[in-house]
Amino acid sequence: MEQRKNVTEFVLLGLTQSLQGQKILFVVFLLIYIVTIVGHLLIGMTVVVSPTLDTPVYSFLGHLTFMDAVYSTAVTPNLIIDLHYEKKTIFFQACLTQLFAEHLFGGFEVLLLMVMTYDRYVAICKPLHSMTIMNQRVCVLLLLVTWVGGFLHVILHLLFVYNLPFCGPHVIDHFCCDMCPLLKLACTDIYAIGLTVVANDGAICMVIFILLLISYGAILKSLKTHSQEGRRKALSTCSSHITVVVLFFVPCIFMYVRPVSNFPIDKSMTVVYTIITPMLNPLIYTLRNSEMKNAMEKTWSGKLTTCRIRICVHTENIIANSKARNRQ
């Protein structure tokens, strides 16, 4: 434990050492973060407000938008701030906090995507029993399972990292704290811990990804018995889910289904599943989902019309009061 205390902070090398490149990346990632948060707020509020989206799949989507927003917030703001400084440092406790948030909400998202796929399977393959199978109690239980699973996943990581001796060096060749870069700095043999990381991250991602592909294969096969309109609606929803699954799981599998090691491409892969994918999810779920698009148009066009009317009435009242005062 005393050895570890010798390292109270880490130095992050970031994405680039070029000052010009850092300025460009600052603007790019700031815009991405704004789009991410605004997009997720719009989807989350639409799911809550719109009566047409009162179904399990959109309840799960509301939770996914929340998880995506927090997941992106665990990494992106710190990266944006670091792009302002030549030397990027992070305290040990802050590094653990970032690691905790990243893997906690990443674990939630992995499990929630599996739950959403199961919901689609029931809705499409067993439409007559879908309301009975996916009742409110089952939905709450499934969400509880995702939270518990996410906590168990991240607790293992924290226990391993917190008890590791870090006696130097303290330079992390990354823009955030993650398991592989941290393990490479430990002053001890990390072979056994590396295997647990592969099992806890890589194997779980790989198994769930394969299960998801099998589930979507079964869903697509069952669509042969549906009407053309039913196939179109099902494909609209499933295609958005499949796109999200591929964007999230493929980089994660590349990062974690291997022995503990660092490659130059790791930073780009991390950017994809921690920053780019959370930004694209709102676009995917709105542009490729006709039901969501219709709900957003009805909800927000109505809200905007109401706001315009109120503004006009308020303006007319101000003008009328002003004229009345002038007459006096």
# chains A, B, ... in the order shown; residues from 1 in each chain; ligands from 1
>>> residues_around(residues="A:Ala123", least_positions_apart="3", cutoff="12 Å", atoms="only C-alpha atoms", output="ChimeraX atom specification")
/A:55-57,116-120,126-135,219,222-223,230,233-234,237-238
>>> write_last_selection(atoms="C-alpha atoms", output="short mmCIF file (atom, residue, chain, number, x, y, z; two decimals), in the first residue's frame")
data_model
loop_
_atom_site.label_atom_id
_atom_site.label_comp_id
_atom_site.auth_asym_id
_atom_site.auth_seq_id
_atom_site.Cartn_x
_atom_site.Cartn_y
_atom_site.Cartn_z
CA THR A 55 -44.34 0.72 -24.29
CA PRO A 56 -41.46 -1.31 -22.79
CA VAL A 57 -39.12 -0.73 -25.72
CA MET A 116 -33.90 -4.39 -25.43
CA THR A 117 -33.14 -7.16 -27.89
CA TYR A 118 -35.15 -9.61 -25.78
CA ASP A 119 -38.04 -7.14 -25.74
CA ARG A 120 -37.93 -6.90 -29.55
CA LYS A 126 -44.63 -13.66 -29.82
CA PRO A 127 -46.91 -10.66 -30.45
CA LEU A 128 -50.03 -12.24 -28.88
CA HIS A 129 -48.25 -12.79 -25.56
CA SER A 130 -45.92 -9.77 -25.55
CA MET A 131 -47.99 -7.71 -23.09
CA THR A 132 -48.19 -10.66 -20.71
CA ILE A 133 -44.51 -11.57 -20.95
CA MET A 134 -43.16 -8.00 -20.85
CA ASN A 135 -45.43 -6.64 -18.12
CA ILE A 219 -36.25 -12.06 -35.33
CA SER A 222 -39.77 -14.77 -38.06
CA LEU A 223 -40.59 -11.70 -40.17
CA GLY A 230 -45.45 -5.37 -40.00
CA LYS A 233 -42.18 -1.44 -38.80
CA ALA A 234 -40.17 -4.27 -37.22
CA THR A 237 -36.93 -0.61 -35.02
CA CYS A 238 -34.52 -3.55 -35.27
#
>>> select_by_dssp(residues="stretch 162-298 of chain A", states="helix (DSSP H, G or I)", output="PyMOL selection string")
chain A and resi 162+179-183+191-225+228-256+266-287+290-298
>>> closest_atom_pairs(of="stretch 24-122 of chain A", to="stretch 278-299 of chain A", cutoff="6 Å", atoms="only C-alpha atoms", output="CSV")
residue,atom,partner,partner_atom,distance
A:Thr36,CA,A:Met279,CA,4.4
A:Gly39,CA,A:Pro282,CA,5.5
A:Asp68,CA,A:Pro278,CA,5.4
>>> residues_around(residues="A:Leu156", least_positions_apart="3", cutoff="9 Å", atoms="only C-alpha atoms", output="list in words")
Phe151, Leu152, His153, Leu159, Phe160, Val161, Thr196, Val197 and Asn200 of chain A
>>> residues_around(residues="A:Ala74", least_positions_apart="2", cutoff="6 Å", atoms="only C-alpha atoms", output="compact mmCIF listing (two decimals) with C-alpha atoms, in the first residue's frame")
# COMPACT_ATOMS: atom_id res chain seq x y z
CA TYR A 71 -21.31 7.48 -20.00
CA SER A 72 -20.16 10.21 -22.36
CA GLN A 98 -13.49 8.03 -14.03
CA ALA A 101 -18.20 5.76 -14.10
CA GLU A 102 -16.93 4.52 -17.47
>>> residues_around(residues="stretch 242-252 of chain A", least_positions_apart="4", cutoff="7 Å", atoms="only C-alpha atoms", output="MDAnalysis selection string")
chainID A and resid 205 209 238 256 269 273 277 281
>>> closest_residue(among="A:Thr65, A:Gln20, A:Thr89, A:Ser261", to="A:Ile190", atoms="only C-alpha atoms")
A:Ser261
>>> closest_residue(among="A:Pro169, A:Pro259, A:Gly106, A:Gly150", to="A:Ala192", atoms="only C-alpha atoms")
A:Pro259
>>> closest_residue(among="A:Leu15, A:Val115, A:Ile253, A:Val110", to="A:Ser59", atoms="only C-alpha atoms")
A:Val115
>>> atom_distance(atom1="atom CA of A:Leu111", atom2="atom CA of A:Thr46")
23.2 Å
>>> residues_around(residues="A:Met114", least_positions_apart="5", cutoff="12 Å", atoms="only C-alpha atoms", output="short mmCIF file (atom, residue, chain, number, x, y, z; two decimals) with C-alpha atoms, in the first residue's frame")
data_model
loop_
_atom_site.label_atom_id
_atom_site.label_comp_id
_atom_site.auth_asym_id
_atom_site.auth_seq_id
_atom_site.Cartn_x
_atom_site.Cartn_y
_atom_site.Cartn_z
CA VAL A 57 -39.12 -0.73 -25.72
CA PHE A 60 -35.79 0.93 -22.09
CA LEU A 64 -30.44 3.98 -22.53
CA GLY A 107 -21.73 -2.36 -18.14
CA PHE A 108 -25.27 -1.02 -17.82
CA GLU A 109 -25.41 -0.34 -21.55
CA ASP A 119 -38.04 -7.14 -25.74
CA ARG A 120 -37.93 -6.90 -29.55
CA TYR A 121 -37.81 -10.68 -29.82
CA LEU A 142 -34.91 -6.57 -16.02
CA LEU A 143 -33.79 -2.99 -15.35
CA VAL A 145 -30.72 -6.85 -13.26
CA THR A 146 -28.86 -4.39 -15.54
CA ILE A 204 -18.77 -10.95 -21.53
CA CYS A 205 -18.87 -8.53 -24.50
CA VAL A 207 -20.78 -13.72 -25.48
CA ILE A 208 -23.49 -11.04 -25.31
CA PHE A 209 -22.65 -9.85 -28.83
CA ILE A 210 -23.03 -13.38 -30.20
CA LEU A 211 -26.31 -13.82 -28.31
CA LEU A 212 -27.57 -10.55 -29.74
CA LEU A 213 -26.70 -11.59 -33.29
CA ILE A 214 -28.48 -14.94 -32.78
CA SER A 215 -31.54 -13.12 -31.39
CA TYR A 216 -31.70 -10.75 -34.33
CA HIS A 241 -30.88 -1.52 -32.51
CA ILE A 242 -28.48 -3.53 -34.67
CA VAL A 244 -26.15 0.66 -32.05
CA VAL A 245 -25.05 -2.85 -31.06
CA PHE A 249 -19.65 -3.91 -29.25
#
>>> closest_residue(among="A:Leu112, A:Val75, A:Pro51, A:His174", to="A:Gln17", atoms="only C-alpha atoms")
A:His174
>>> select_by_dssp(residues="stretch 9-70 of chain A", states="strand (DSSP E or B)", output="NGL selection string")
:A and (9-12)
>>> atom_distance(atom1="atom CA of A:Gly202", atom2="atom CA of A:Val257")
4.2 Å
>>> decode(residues="stretch 200-213 of chain A", atoms="all heavy atoms", output="compact mmCIF listing (two decimals), in the first residue's frame")
# COMPACT_ATOMS: atom_id res chain seq x y z
N ASN A 200 -13.84 -10.50 -17.56
CA ASN A 200 -14.86 -9.56 -17.08
C ASN A 200 -15.33 -8.61 -18.16
O ASN A 200 -16.47 -8.18 -18.17
CB ASN A 200 -14.29 -8.75 -15.90
CG ASN A 200 -15.36 -7.97 -15.17
OD1 ASN A 200 -16.54 -8.30 -15.23
ND2 ASN A 200 -14.95 -6.93 -14.47
N ASP A 201 -14.45 -8.25 -19.09
CA ASP A 201 -14.81 -7.31 -20.16
C ASP A 201 -14.96 -8.01 -21.50
O ASP A 201 -16.04 -8.01 -22.11
CB ASP A 201 -13.74 -6.22 -20.29
CG ASP A 201 -13.79 -5.25 -19.13
OD1 ASP A 201 -14.88 -4.80 -18.78
OD2 ASP A 201 -12.72 -4.95 -18.56
N GLY A 202 -13.86 -8.62 -21.94
CA GLY A 202 -13.84 -9.18 -23.29
C GLY A 202 -14.80 -10.34 -23.49
O GLY A 202 -15.60 -10.34 -24.43
N ALA A 203 -14.72 -11.34 -22.61
CA ALA A 203 -15.55 -12.54 -22.78
C ALA A 203 -17.03 -12.20 -22.66
O ALA A 203 -17.86 -12.69 -23.44
CB ALA A 203 -15.17 -13.59 -21.74
N ILE A 204 -17.37 -11.33 -21.70
CA ILE A 204 -18.77 -10.95 -21.53
C ILE A 204 -19.28 -10.22 -22.77
O ILE A 204 -20.38 -10.50 -23.27
CB ILE A 204 -18.93 -10.07 -20.27
CG1 ILE A 204 -18.70 -10.92 -19.02
CG2 ILE A 204 -20.32 -9.43 -20.22
CD1 ILE A 204 -18.72 -10.13 -17.73
N CYS A 205 -18.49 -9.26 -23.28
CA CYS A 205 -18.87 -8.53 -24.50
C CYS A 205 -19.05 -9.49 -25.67
O CYS A 205 -20.01 -9.38 -26.44
CB CYS A 205 -17.83 -7.47 -24.84
SG CYS A 205 -17.93 -5.98 -23.83
N MET A 206 -18.11 -10.42 -25.81
CA MET A 206 -18.15 -11.36 -26.93
C MET A 206 -19.38 -12.26 -26.84
O MET A 206 -20.09 -12.46 -27.84
CB MET A 206 -16.87 -12.20 -26.92
CG MET A 206 -16.65 -12.99 -28.20
SD MET A 206 -16.24 -11.88 -29.57
CE MET A 206 -16.11 -13.05 -30.92
N VAL A 207 -19.64 -12.81 -25.65
CA VAL A 207 -20.78 -13.72 -25.48
C VAL A 207 -22.09 -12.99 -25.73
O VAL A 207 -22.98 -13.48 -26.45
CB VAL A 207 -20.76 -14.34 -24.06
CG1 VAL A 207 -22.07 -15.07 -23.78
CG2 VAL A 207 -19.58 -15.30 -23.92
N ILE A 208 -22.24 -11.80 -25.14
CA ILE A 208 -23.49 -11.04 -25.31
C ILE A 208 -23.66 -10.62 -26.76
O ILE A 208 -24.77 -10.66 -27.30
CB ILE A 208 -23.50 -9.82 -24.37
CG1 ILE A 208 -23.60 -10.28 -22.92
CG2 ILE A 208 -24.66 -8.89 -24.71
CD1 ILE A 208 -23.59 -9.16 -21.91
N PHE A 209 -22.56 -10.24 -27.42
CA PHE A 209 -22.65 -9.85 -28.83
C PHE A 209 -23.12 -11.01 -29.69
O PHE A 209 -23.99 -10.84 -30.56
CB PHE A 209 -21.28 -9.36 -29.31
CG PHE A 209 -21.26 -8.86 -30.72
CD1 PHE A 209 -22.07 -7.80 -31.11
CD2 PHE A 209 -20.43 -9.44 -31.67
CE1 PHE A 209 -22.06 -7.33 -32.41
CE2 PHE A 209 -20.41 -8.98 -32.97
CZ PHE A 209 -21.23 -7.92 -33.35
N ILE A 210 -22.60 -12.20 -29.45
CA ILE A 210 -23.03 -13.38 -30.20
C ILE A 210 -24.50 -13.70 -29.92
O ILE A 210 -25.28 -14.00 -30.85
CB ILE A 210 -22.14 -14.59 -29.85
CG1 ILE A 210 -20.72 -14.37 -30.37
CG2 ILE A 210 -22.71 -15.88 -30.44
CD1 ILE A 210 -19.72 -15.42 -29.92
N LEU A 211 -24.91 -13.59 -28.66
CA LEU A 211 -26.31 -13.82 -28.31
C LEU A 211 -27.24 -12.82 -28.99
O LEU A 211 -28.33 -13.17 -29.46
CB LEU A 211 -26.50 -13.75 -26.79
CG LEU A 211 -25.89 -14.88 -25.97
CD1 LEU A 211 -26.06 -14.61 -24.48
CD2 LEU A 211 -26.55 -16.22 -26.34
N LEU A 212 -26.78 -11.58 -29.07
CA LEU A 212 -27.57 -10.55 -29.74
C LEU A 212 -27.72 -10.85 -31.23
O LEU A 212 -28.81 -10.71 -31.80
CB LEU A 212 -26.94 -9.18 -29.53
CG LEU A 212 -26.94 -8.62 -28.11
CD1 LEU A 212 -26.22 -7.27 -28.05
CD2 LEU A 212 -28.35 -8.46 -27.58
N LEU A 213 -26.63 -11.26 -31.86
CA LEU A 213 -26.70 -11.59 -33.29
C LEU A 213 -27.63 -12.77 -33.53
O LEU A 213 -28.41 -12.77 -34.50
CB LEU A 213 -25.29 -11.91 -33.81
CG LEU A 213 -24.29 -10.75 -33.85
CD1 LEU A 213 -22.95 -11.22 -34.40
CD2 LEU A 213 -24.83 -9.60 -34.69
